[in-house]
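The data block below is coords_13.cif; it holds mmCIF, C-alpha atoms.
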data_structure
#
loop_
_atom_site.group_PDB
_atom_site.id
_atom_site.type_symbol
_atom_site.label_atom_id
_atom_site.label_comp_id
_atom_site.auth_asym_id
_atom_site.auth_seq_id
_atom_site.Cartn_x
_atom_site.Cartn_y
_atom_site.Cartn_z
ATOM 1 C CA MET A 141 0.000 0.000 0.000
ATOM 2 C CA GLN A 142 1.156 3.517 -0.767
ATOM 3 C CA LEU A 143 0.047 6.427 1.366
ATOM 4 C CA PHE A 144 -0.488 9.935 0.035
ATOM 5 C CA TYR A 145 -0.813 13.158 2.006
ATOM 6 C CA HIS A 146 -3.382 15.899 1.691
ATOM 7 C CA PRO A 147 -3.471 18.292 4.676
ATOM 8 C CA ASN A 148 -6.870 19.856 3.924
ATOM 9 C CA ILE A 149 -9.218 16.892 3.713
ATOM 10 C CA ASP A 150 -11.471 15.885 6.570
ATOM 11 C CA LYS A 151 -14.252 13.366 7.172
ATOM 12 C CA ASN A 152 -16.767 15.570 5.305
ATOM 13 C CA THR A 153 -14.688 15.835 2.114
ATOM 14 C CA SER A 154 -16.103 14.096 -0.952
ATOM 15 C CA ASN A 155 -13.516 15.178 -3.566
ATOM 16 C CA CYS A 156 -9.988 16.482 -3.270
ATOM 17 C CA PHE A 157 -7.329 17.808 -5.615
ATOM 18 C CA PHE A 158 -3.630 17.129 -5.112
ATOM 19 C CA ASP A 159 -0.953 19.778 -5.621
ATOM 20 C CA LYS A 160 1.547 19.563 -8.468
ATOM 21 C CA GLU A 161 4.250 17.740 -6.490
ATOM 22 C CA GLU A 162 1.982 14.947 -5.195
ATOM 23 C CA SER A 163 0.138 14.767 -8.546
ATOM 24 C CA GLN A 164 3.391 14.256 -10.415
ATOM 25 C CA HIS A 165 4.274 11.424 -8.036
ATOM 26 C CA ILE A 166 0.852 9.814 -8.509
ATOM 27 C CA ALA A 167 0.480 10.182 -12.277
ATOM 28 C CA LYS A 168 4.024 10.226 -13.636
ATOM 29 C CA VAL A 169 6.164 8.268 -11.174
ATOM 30 C CA LEU A 170 3.657 5.627 -10.039
ATOM 31 C CA ARG A 171 1.652 5.748 -13.303
ATOM 32 C CA LYS A 172 -1.680 5.647 -11.506
ATOM 33 C CA LYS A 173 -4.680 5.864 -13.814
ATOM 34 C CA GLN A 174 -8.302 6.918 -13.557
ATOM 35 C CA GLY A 175 -10.191 4.369 -11.457
ATOM 36 C CA ASP A 176 -7.189 3.344 -9.325
ATOM 37 C CA THR A 177 -7.609 3.276 -5.547
ATOM 38 C CA LEU A 178 -5.505 5.613 -3.399
ATOM 39 C CA HIS A 179 -4.984 5.706 0.358
ATOM 40 C CA ILE A 180 -4.670 9.215 1.741
ATOM 41 C CA THR A 181 -4.035 10.721 5.166
ATOM 42 C CA ASN A 182 -4.379 14.255 6.439
ATOM 43 C CA GLY A 183 -1.727 13.703 9.117
ATOM 44 C CA LYS A 184 -4.346 14.124 11.861
ATOM 45 C CA GLY A 185 -5.192 10.447 12.280
ATOM 46 C CA PHE A 186 -7.579 9.878 9.389
ATOM 47 C CA LEU A 187 -7.088 7.291 6.662
ATOM 48 C CA PHE A 188 -9.108 7.896 3.507
ATOM 49 C CA GLU A 189 -9.701 5.530 0.641
ATOM 50 C CA GLY A 190 -10.400 7.224 -2.651
ATOM 51 C CA GLN A 191 -10.745 6.547 -6.321
ATOM 52 C CA LEU A 192 -8.711 8.503 -8.841
ATOM 53 C CA SER A 193 -11.182 10.333 -11.076
ATOM 54 C CA PHE A 194 -8.631 12.440 -12.982
ATOM 55 C CA ALA A 195 -4.872 11.933 -13.246
ATOM 56 C CA SER A 196 -2.301 14.262 -14.748
ATOM 57 C CA PRO A 197 1.198 15.295 -13.584
ATOM 58 C CA LYS A 198 -0.110 18.806 -12.856
ATOM 59 C CA GLN A 199 -3.222 17.896 -10.879
ATOM 60 C CA CYS A 200 -5.026 14.771 -9.711
ATOM 61 C CA GLU A 201 -8.608 14.559 -8.490
ATOM 62 C CA VAL A 202 -9.768 11.874 -6.079
ATOM 63 C CA SER A 203 -13.305 10.937 -5.035
ATOM 64 C CA ILE A 204 -13.315 9.899 -1.382
ATOM 65 C CA LEU A 205 -15.029 6.530 -0.808
ATOM 66 C CA LYS A 206 -14.206 5.738 2.831
ATOM 67 C CA CYS A 207 -12.911 7.537 5.887
ATOM 68 C CA GLN A 208 -11.498 5.783 8.926
ATOM 69 C CA GLU A 209 -10.067 7.380 12.058
ATOM 70 C CA GLN A 210 -6.976 5.591 13.342
ATOM 71 C CA ILE A 211 -6.806 5.057 17.091
ATOM 72 C CA HIS A 212 -4.032 7.066 18.702
ATOM 73 C CA ARG A 213 -2.198 5.881 21.791
ATOM 74 C CA PRO A 214 -3.306 7.446 25.098
ATOM 75 C CA TYR A 215 -0.019 9.304 25.697
ATOM 76 C CA HIS A 216 2.000 12.003 23.946
ATOM 77 C CA LEU A 217 5.684 11.506 23.075
ATOM 78 C CA HIS A 218 7.742 14.672 22.676
ATOM 79 C CA LEU A 219 11.464 14.408 21.904
ATOM 80 C CA VAL A 220 13.757 17.376 22.452
ATOM 81 C CA VAL A 221 17.080 16.755 20.722
ATOM 82 C CA ALA A 222 20.012 19.022 19.917
ATOM 83 C CA PRO A 223 21.036 19.157 16.241
ATOM 84 C CA THR A 224 24.169 17.194 15.477
ATOM 85 C CA LYS A 225 27.278 18.582 13.816
ATOM 86 C CA MET A 226 26.551 16.487 10.727
ATOM 87 C CA ASN A 227 23.167 17.462 9.330
ATOM 88 C CA GLU A 228 22.601 13.973 7.824
ATOM 89 C CA ARG A 229 22.538 12.421 11.290
ATOM 90 C CA TYR A 230 19.820 14.756 12.492
ATOM 91 C CA GLU A 231 17.823 14.104 9.314
ATOM 92 C CA TRP A 232 18.197 10.354 9.940
ATOM 93 C CA PHE A 233 16.987 10.884 13.515
ATOM 94 C CA LEU A 234 13.908 12.784 12.276
ATOM 95 C CA GLU A 235 13.107 9.989 9.837
ATOM 96 C CA LYS A 236 13.423 7.199 12.416
ATOM 97 C CA ALA A 237 11.562 9.132 15.135
ATOM 98 C CA THR A 238 8.672 9.649 12.718
ATOM 99 C CA GLU A 239 8.653 5.995 11.712
ATOM 100 C CA ILE A 240 8.282 4.846 15.323
ATOM 101 C CA GLY A 241 5.422 7.279 15.912
ATOM 102 C CA ILE A 242 6.783 10.252 17.864
ATOM 103 C CA ASP A 243 4.156 13.012 18.285
ATOM 104 C CA GLU A 244 6.346 16.095 18.596
ATOM 105 C CA ILE A 245 9.984 17.040 18.007
ATOM 106 C CA THR A 246 11.776 20.156 19.237
ATOM 107 C CA PRO A 247 15.310 21.019 18.165
ATOM 108 C CA ILE A 248 17.091 22.455 21.187
ATOM 109 C CA ILE A 249 20.113 24.741 20.891
ATOM 110 C CA CYS A 250 22.478 24.016 23.765
ATOM 111 C CA GLN A 251 25.485 25.901 25.089
ATOM 112 C CA HIS A 252 27.960 23.808 23.061
ATOM 113 C CA SER A 253 25.835 23.230 19.965
ATOM 114 C CA GLU A 254 27.886 23.564 16.791
ATOM 115 C CA ARG A 255 24.843 23.861 14.544
ATOM 116 C CA THR A 256 22.510 26.748 15.351
ATOM 117 C CA SER A 257 20.818 27.400 12.003
ATOM 118 C CA LEU A 258 18.439 24.705 10.778
ATOM 119 C CA LYS A 259 16.597 24.072 7.529
ATOM 120 C CA LEU A 260 13.133 23.515 8.990
ATOM 121 C CA GLU A 261 11.465 23.298 5.573
ATOM 122 C CA ARG A 262 13.763 20.406 4.631
ATOM 123 C CA PHE A 263 13.170 18.749 8.015
ATOM 124 C CA GLU A 264 9.389 18.970 7.478
ATOM 125 C CA LYS A 265 9.735 17.272 4.078
ATOM 126 C CA ILE A 266 11.769 14.471 5.652
ATOM 127 C CA ILE A 267 9.158 13.977 8.378
ATOM 128 C CA LEU A 268 6.316 13.961 5.834
ATOM 129 C CA SER A 269 8.122 11.447 3.637
ATOM 130 C CA ALA A 270 8.851 9.178 6.629
ATOM 131 C CA MET A 271 5.202 9.353 7.746
ATOM 132 C CA LYS A 272 3.982 8.265 4.306
ATOM 133 C CA GLN A 273 6.611 5.552 3.925
ATOM 134 C CA SER A 274 5.874 4.027 7.336
ATOM 135 C CA LEU A 275 2.089 4.243 6.717
ATOM 136 C CA GLN A 276 1.519 6.453 9.761
ATOM 137 C CA CYS A 277 -1.614 8.598 9.869
ATOM 138 C CA TYR A 278 -0.299 11.103 12.408
ATOM 139 C CA LEU A 279 2.179 13.741 11.242
ATOM 140 C CA PRO A 280 4.568 14.727 14.051
ATOM 141 C CA THR A 281 4.780 18.400 14.965
ATOM 142 C CA LEU A 282 8.167 19.958 14.302
ATOM 143 C CA ASN A 283 8.592 22.905 16.637
ATOM 144 C CA PRO A 284 10.918 25.821 15.893
ATOM 145 C CA PRO A 285 14.373 25.604 17.526
ATOM 146 C CA ILE A 286 14.604 26.889 21.065
ATOM 147 C CA THR A 287 17.503 27.485 23.430
ATOM 148 C CA SER A 288 17.924 25.053 26.285
ATOM 149 C CA ALA A 289 17.391 27.829 28.865
ATOM 150 C CA ALA A 290 14.123 28.917 27.250
ATOM 151 C CA PHE A 291 12.915 25.328 26.929
ATOM 152 C CA PHE A 292 13.575 24.455 30.570
ATOM 153 C CA LYS A 293 11.891 27.675 31.652
ATOM 154 C CA GLN A 294 8.788 26.622 29.682
ATOM 155 C CA MET A 295 8.877 23.153 31.223
ATOM 156 C CA MET A 296 8.767 24.478 34.787
ATOM 157 C CA THR A 297 5.017 25.078 34.450
ATOM 158 C CA ASP A 298 4.344 21.718 32.739
ATOM 159 C CA THR A 299 3.331 18.986 35.194
ATOM 160 C CA SER A 300 3.627 16.013 32.817
ATOM 161 C CA ASP A 301 6.339 13.367 33.300
ATOM 162 C CA LYS A 302 9.728 14.194 31.817
ATOM 163 C CA TYR A 303 12.763 11.984 31.305
ATOM 164 C CA ILE A 304 16.277 12.902 30.244
ATOM 165 C CA ALA A 305 18.568 10.423 28.505
ATOM 166 C CA HIS A 306 22.220 10.970 29.336
ATOM 167 C CA CYS A 307 25.616 9.270 29.137
ATOM 168 C CA GLN A 308 27.001 10.104 32.566
ATOM 169 C CA GLU A 309 28.876 7.407 34.458
ATOM 170 C CA ASN A 310 26.490 6.555 37.281
ATOM 171 C CA GLU A 311 23.753 4.040 38.060
ATOM 172 C CA LYS A 312 21.437 3.544 35.097
ATOM 173 C CA ILE A 313 17.692 3.219 35.606
ATOM 174 C CA LEU A 314 15.657 1.574 32.883
ATOM 175 C CA LEU A 315 12.817 3.754 31.643
ATOM 176 C CA SER A 316 10.393 0.840 32.006
ATOM 177 C CA HIS A 317 11.303 0.647 35.736
ATOM 178 C CA ALA A 318 10.935 4.416 36.187
ATOM 179 C CA LEU A 319 7.422 4.301 34.745
ATOM 180 C CA THR A 320 6.100 1.654 37.175
#
This structure in structure tokens:
Amino acid sequence: MQLFYHPNIDKNTSNCFFDKEESQHIAKVLRKKQGDTLHITNGKGFLFEGQLSFASPKQCEVSILKCQEQIHRPYHLHLVVAPTKMNERYEWFLEKATEIGIDEITPIICQHSERTSLKLERFEKIILSAMKQSLQCYLPTLNPPITSAAFFKQMMTDTSDKYIAHCQENEKILLSHALT
């Protein structure tokens, strides 16, 4: 199954039109034709099944046949990770975090961070691609970068559980034991 993304459809949508980029992928790359079935998500937990009513590399039209809301887990996972010196490693992290179903990602700029300027538009494309490839129906939120001081100041008012992974030489506690 291939999953396509359309951010503006909801459970009341009967027809939708894809933008040029997604249309080119549907019609030219995958050679989908009129009458073919497509699976679409809006990134908010809905999986739509539609039939291709018009296909061209510039624009594709889909008639929505079915809508199904995917059950989301009862907790929210938010990862706050400093960008690495090598941009490819951070992009790999974003891809894998999306594939395992992380809800929210915040790049944090620390005191010794070597990379302080980030290409958020590229990161969003990587996350979107990973969501589609792993057949996820929830698109993770990518927050703008924030300094560590500002982030921890924000967290002081948040009462949810927080855990910090570290590499210090002391007794290690498994996360599964900390949660019980």
Taking the file as shown, what set of residues would the PyMOL selection byres ((chain A and resi 238) around 10) give back, as JSON, numbers by chain?
{"A": [232, 233, 234, 235, 236, 237, 239, 240, 241, 242, 243, 244, 245, 266, 267, 268, 269, 270, 271, 272, 273, 274, 276, 278, 279, 280, 281]}
Keeping C-alpha atoms, export the residues of the selection given above as a PDB file, keeping the file's coordinate frame.
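New file selection19.pdb:
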ATOM      1  CA  TRP A 232      18.197  10.354   9.940  1.00  0.00           C
ATOM      2  CA  PHE A 233      16.987  10.884  13.515  1.00  0.00           C
ATOM      3  CA  LEU A 234      13.908  12.784  12.276  1.00  0.00           C
ATOM      4  CA  GLU A 235      13.107   9.989   9.837  1.00  0.00           C
ATOM      5  CA  LYS A 236      13.423   7.199  12.416  1.00  0.00           C
ATOM      6  CA  ALA A 237      11.562   9.132  15.135  1.00  0.00           C
ATOM      7  CA  GLU A 239       8.653   5.995  11.712  1.00  0.00           C
ATOM      8  CA  ILE A 240       8.282   4.846  15.323  1.00  0.00           C
ATOM      9  CA  GLY A 241       5.422   7.279  15.912  1.00  0.00           C
ATOM     10  CA  ILE A 242       6.783  10.252  17.864  1.00  0.00           C
ATOM     11  CA  ASP A 243       4.156  13.012  18.285  1.00  0.00           C
ATOM     12  CA  GLU A 244       6.346  16.095  18.596  1.00  0.00           C
ATOM     13  CA  ILE A 245       9.984  17.040  18.007  1.00  0.00           C
ATOM     14  CA  ILE A 266      11.769  14.471   5.652  1.00  0.00           C
ATOM     15  CA  ILE A 267       9.158  13.977   8.378  1.00  0.00           C
ATOM     16  CA  LEU A 268       6.316  13.961   5.834  1.00  0.00           C
ATOM     17  CA  SER A 269       8.122  11.447   3.637  1.00  0.00           C
ATOM     18  CA  ALA A 270       8.851   9.178   6.629  1.00  0.00           C
ATOM     19  CA  MET A 271       5.202   9.353   7.746  1.00  0.00           C
ATOM     20  CA  LYS A 272       3.982   8.265   4.306  1.00  0.00           C
ATOM     21  CA  GLN A 273       6.611   5.552   3.925  1.00  0.00           C
ATOM     22  CA  SER A 274       5.874   4.027   7.336  1.00  0.00           C
ATOM     23  CA  GLN A 276       1.519   6.453   9.761  1.00  0.00           C
ATOM     24  CA  TYR A 278      -0.299  11.103  12.408  1.00  0.00           C
ATOM     25  CA  LEU A 279       2.179  13.741  11.242  1.00  0.00           C
ATOM     26  CA  PRO A 280       4.568  14.727  14.051  1.00  0.00           C
ATOM     27  CA  THR A 281       4.780  18.400  14.965  1.00  0.00           C
TER      28      THR A 281
END
Show me, as JSON lines, the residues of range 265-304 of chain A having an atom within 12 Å of range 214-218 of chain A, each with the closest atom pair and its distance in Å, using all atoms listed in the file.
{"residue": "A:Tyr278", "atom": "CA", "partner": "A:His216", "partner_atom": "CA", "distance": 11.8}
{"residue": "A:Pro280", "atom": "CA", "partner": "A:His218", "partner_atom": "CA", "distance": 9.2}
{"residue": "A:Thr281", "atom": "CA", "partner": "A:His218", "partner_atom": "CA", "distance": 9.1}
{"residue": "A:Leu282", "atom": "CA", "partner": "A:His218", "partner_atom": "CA", "distance": 9.9}
{"residue": "A:Asn283", "atom": "CA", "partner": "A:His218", "partner_atom": "CA", "distance": 10.2}
{"residue": "A:Ser300", "atom": "CA", "partner": "A:His216", "partner_atom": "CA", "distance": 9.9}
{"residue": "A:Asp301", "atom": "CA", "partner": "A:His216", "partner_atom": "CA", "distance": 10.4}
{"residue": "A:Lys302", "atom": "CA", "partner": "A:His218", "partner_atom": "CA", "distance": 9.4}
{"residue": "A:Tyr303", "atom": "CA", "partner": "A:His218", "partner_atom": "CA", "distance": 10.3}
{"residue": "A:Ile304", "atom": "CA", "partner": "A:His218", "partner_atom": "CA", "distance": 11.5}
How many Å separate CA of Glu261 in chain A from CA of Pro197 in chain A?
23.2 Å
Shortest interatomic distance to Val169 in chain A - which of A:Asn182, A:Ala195, A:His317, A:Leu260, counting only C-alpha atoms
A:Ala195
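Nearest-residue note for Asp159 in chain A: choosing from A:Glu231, A:Lys172, A:Cys200, A:Leu192, the minimum distance belongs to A:Cys200, counting all atoms listed in the file.
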Generate all heavy atoms for range 270-281 of chain A and emit them as a tab-separated table (two decimals), keeping the file's coordinate frame.
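Now in selection_21.tsv:
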chain	number	residue	atom	x	y	z
A	270	ALA	N	8.75	10.32	5.71
A	270	ALA	CA	8.85	9.18	6.63
A	270	ALA	C	7.48	8.74	7.11
A	270	ALA	O	7.21	7.54	7.26
A	270	ALA	CB	9.74	9.54	7.82
A	271	MET	N	6.57	9.69	7.33
A	271	MET	CA	5.20	9.35	7.75
A	271	MET	C	4.52	8.53	6.67
A	271	MET	O	3.90	7.50	6.94
A	271	MET	CB	4.39	10.61	8.03
A	271	MET	CG	2.95	10.31	8.41
A	271	MET	SD	1.82	11.71	8.32
A	271	MET	CE	1.68	11.95	6.56
A	272	LYS	N	4.63	8.97	5.42
A	272	LYS	CA	3.98	8.26	4.31
A	272	LYS	C	4.61	6.89	4.11
A	272	LYS	O	3.89	5.91	3.92
A	272	LYS	CB	4.07	9.08	3.01
A	272	LYS	CG	3.25	10.35	3.07
A	272	LYS	CD	3.17	11.16	1.80
A	272	LYS	CE	4.30	11.16	0.87
A	272	LYS	NZ	4.18	12.08	-0.27
A	273	GLN	N	5.92	6.81	4.17
A	273	GLN	CA	6.61	5.55	3.92
A	273	GLN	C	6.31	4.52	5.00
A	273	GLN	O	6.19	3.34	4.73
A	273	GLN	CB	8.12	5.78	3.84
A	273	GLN	CG	8.87	4.50	3.57
A	273	GLN	CD	10.03	4.68	2.64
A	273	GLN	OE1	10.30	5.77	2.19
A	273	GLN	NE2	10.72	3.62	2.35
A	274	SER	N	6.15	4.96	6.24
A	274	SER	CA	5.87	4.03	7.34
A	274	SER	C	4.37	3.83	7.56
A	274	SER	O	3.98	3.18	8.53
A	274	SER	CB	6.54	4.51	8.62
A	274	SER	OG	6.04	5.78	9.00
A	275	LEU	N	3.56	4.39	6.68
A	275	LEU	CA	2.09	4.24	6.72
A	275	LEU	C	1.49	4.75	8.03
A	275	LEU	O	0.53	4.18	8.54
A	275	LEU	CB	1.69	2.79	6.46
A	275	LEU	CG	2.21	2.17	5.15
A	275	LEU	CD1	1.79	0.71	5.05
A	275	LEU	CD2	1.75	2.96	3.94
A	276	GLN	N	2.06	5.81	8.56
A	276	GLN	CA	1.52	6.45	9.76
A	276	GLN	C	0.44	7.44	9.34
A	276	GLN	O	0.53	8.04	8.28
A	276	GLN	CB	2.63	7.23	10.49
A	276	GLN	CG	3.81	6.42	10.91
A	276	GLN	CD	3.58	5.68	12.20
A	276	GLN	OE1	2.68	5.99	12.97
A	276	GLN	NE2	4.40	4.68	12.44
A	277	CYS	N	-0.55	7.63	10.18
A	277	CYS	CA	-1.61	8.60	9.87
A	277	CYS	C	-1.52	9.85	10.73
A	277	CYS	O	-2.38	10.72	10.65
A	277	CYS	CB	-2.98	7.94	10.03
A	277	CYS	SG	-3.30	6.75	8.73
A	278	TYR	N	-0.51	9.92	11.58
A	278	TYR	CA	-0.30	11.10	12.41
A	278	TYR	C	1.03	11.74	12.03
A	278	TYR	O	2.08	11.10	12.10
A	278	TYR	CB	-0.28	10.74	13.90
A	278	TYR	CG	-1.65	10.38	14.42
A	278	TYR	CD1	-2.09	9.06	14.44
A	278	TYR	CD2	-2.52	11.36	14.87
A	278	TYR	CE1	-3.35	8.73	14.91
A	278	TYR	CE2	-3.79	11.05	15.35
A	278	TYR	CZ	-4.19	9.73	15.36
A	278	TYR	OH	-5.44	9.41	15.82
A	279	LEU	N	0.98	13.00	11.61
A	279	LEU	CA	2.18	13.74	11.24
A	279	LEU	C	2.74	14.41	12.49
A	279	LEU	O	2.06	15.20	13.14
A	279	LEU	CB	1.84	14.81	10.19
A	279	LEU	CG	3.00	15.65	9.67
A	279	LEU	CD1	3.99	14.77	8.90
A	279	LEU	CD2	2.48	16.76	8.77
A	280	PRO	N	3.99	14.09	12.86
A	280	PRO	CA	4.57	14.73	14.05
A	280	PRO	C	4.70	16.24	13.87
A	280	PRO	O	4.92	16.73	12.77
A	280	PRO	CB	5.96	14.09	14.16
A	280	PRO	CG	5.91	12.88	13.32
A	280	PRO	CD	4.90	13.13	12.26
A	281	THR	N	4.59	16.95	14.96
A	281	THR	CA	4.78	18.40	14.96
A	281	THR	C	6.27	18.69	15.09
A	281	THR	O	6.93	18.15	15.97
A	281	THR	CB	4.04	19.03	16.16
A	281	THR	OG1	2.67	18.68	16.09
A	281	THR	CG2	4.20	20.53	16.18
